[in-house]
Amino acid sequence: MRLPRVSVIVPARNEEQNIVAALSSLAALQYDDLEVIVVDDLSTDRTAELAKVFMQAYTGNAHMRLLTAPSDPPLGWVGKTFAVDYAITRSTGDIILVCDADVTHTPQSLHAVVKYFQTHRLDLLSLLPHLDIRSWGEYPMLFQTFLLYTSSRVARALGSRQSFGMGTYFMFTRDFY
C-alpha cells in the first residue's frame, strides 16, 4: 500500500522552548513522502529564528520550510486558525496533519497513523497524544479533554454522528478541508 504525501503544519507563536524538540522529532519520522511547514504566527521570541537555523542544518528527506503568517489576517480570522489555513493553502500533501509546536513524535508514529487513517477510510482523525503535565495550571485542560472524550462516546452510543477534534493532533484529507 502506497502511503500518500503528508503535509505536517505546525503553527507556532512564541514557542522557542518547544520548536527545536518538535522539529527534531518530525525530522526523525520514518515516512517517505513528508512535507513539514512551520508557520510562525507573529512570535515575539526566537521561535522563527530557531526554526530557520534547524531547517538550514537539516539534511534529511522531508521537505521543511518556514512561513510567516501575515500580520493582518482577513476580517473574521484570528491567531492559530488563520495561521493554519495560511499554511494549508501553501501545502502540497494529500493528507494534512496539524499539530501543536509542543508535540513530539516517535519515529514510527506517522506511518502507523496514516495506515490506520487509510485502512478505515477516514476523512478526519484527531488523536490525543501523551500529555506531559508540568504544572497544576495544566490540569484543567486534562479535565476538559476527559469531558470532551466522554461526551463524544455518549453521543455516539446514542446514535449521533457528531464528534470533536483536538487541535493538538488533527489529521484530515485535503478534499475534506
# chains A, B, ... in the order shown; residues from 1 in each chain; ligands from 1
>>> closest_atom_pairs(of="segment 12-109 of chain A", to="segment 116-121 of chain A", cutoff="12 Å", atoms="only C-alpha atoms", output="tab-separated table")
residue	atom	partner	partner_atom	distance
A:Asp94	CA	A:Gln118	CA	11.6
A:Ile95	CA	A:Phe117	CA	9.7
A:Ile96	CA	A:Phe117	CA	11.6
A:Leu97	CA	A:Phe117	CA	11.5
A:Ser109	CA	A:Tyr116	CA	10.7
>>> closest_atom_pairs(of="segment 58-107 of chain A", to="segment 11-25 of chain A", cutoff="6 Å", atoms="only C-alpha atoms", output="CSV")
residue,atom,partner,partner_atom,distance
A:Ala101,CA,A:Ile19,CA,5.7
A:Asp102,CA,A:Asn18,CA,5.3
A:Val103,CA,A:Ala22,CA,5.9
A:Thr104,CA,A:Ala22,CA,4.9
A:His105,CA,A:Ser25,CA,5.1
>>> residues_around(residues="Ala83 of chain A", least_positions_apart="2", cutoff="7 Å", atoms="only C-alpha atoms", output="list in words")
Pro11, Val39, Asp41, Ala69, Gly79, Lys80, Thr81, Asp85, Tyr86 and Ala87 of chain A
>>> atom_distance(atom1="atom CA of Leu110 of chain A", atom2="atom CA of Val53 of chain A")
24.1 Å
>>> select_by_dssp(residues="chain A", states="strand (DSSP E or B)", output="VMD selection string")
chain A and resid 6 to 12 34 to 40 63 to 68 95 to 99 124 to 126 169 to 173
>>> residues_around(residues="Pro107 of chain A", least_positions_apart="2", cutoff="6 Å", atoms="only C-alpha atoms", output="PyMOL selection string")
chain A and resi 28-30+109
>>> select_by_dssp(residues="segment 8-159 of chain A", states="helix (DSSP H, G or I)", output="VMD selection string")
chain A and resid 19 to 27 47 to 57 79 to 88 109 to 119 136 to 157
>>> closest_residue(among="A:Asn61, A:Thr150, A:Ser7, A:Thr68", to="Thr47 of chain A", atoms="only C-alpha atoms")
A:Thr68
>>> closest_residue(among="A:Met171, A:Val10, A:Ala155, A:Leu66", to="Leu50 of chain A", atoms="only C-alpha atoms")
A:Leu66
>>> residues_around(residues="Phe170 of chain A", least_positions_apart="4", cutoff="12 Å", atoms="only C-alpha atoms", output="ChimeraX atom specification")
/A:7-10,84,95-100,103,110,113-114,117,123-129,164-166,177
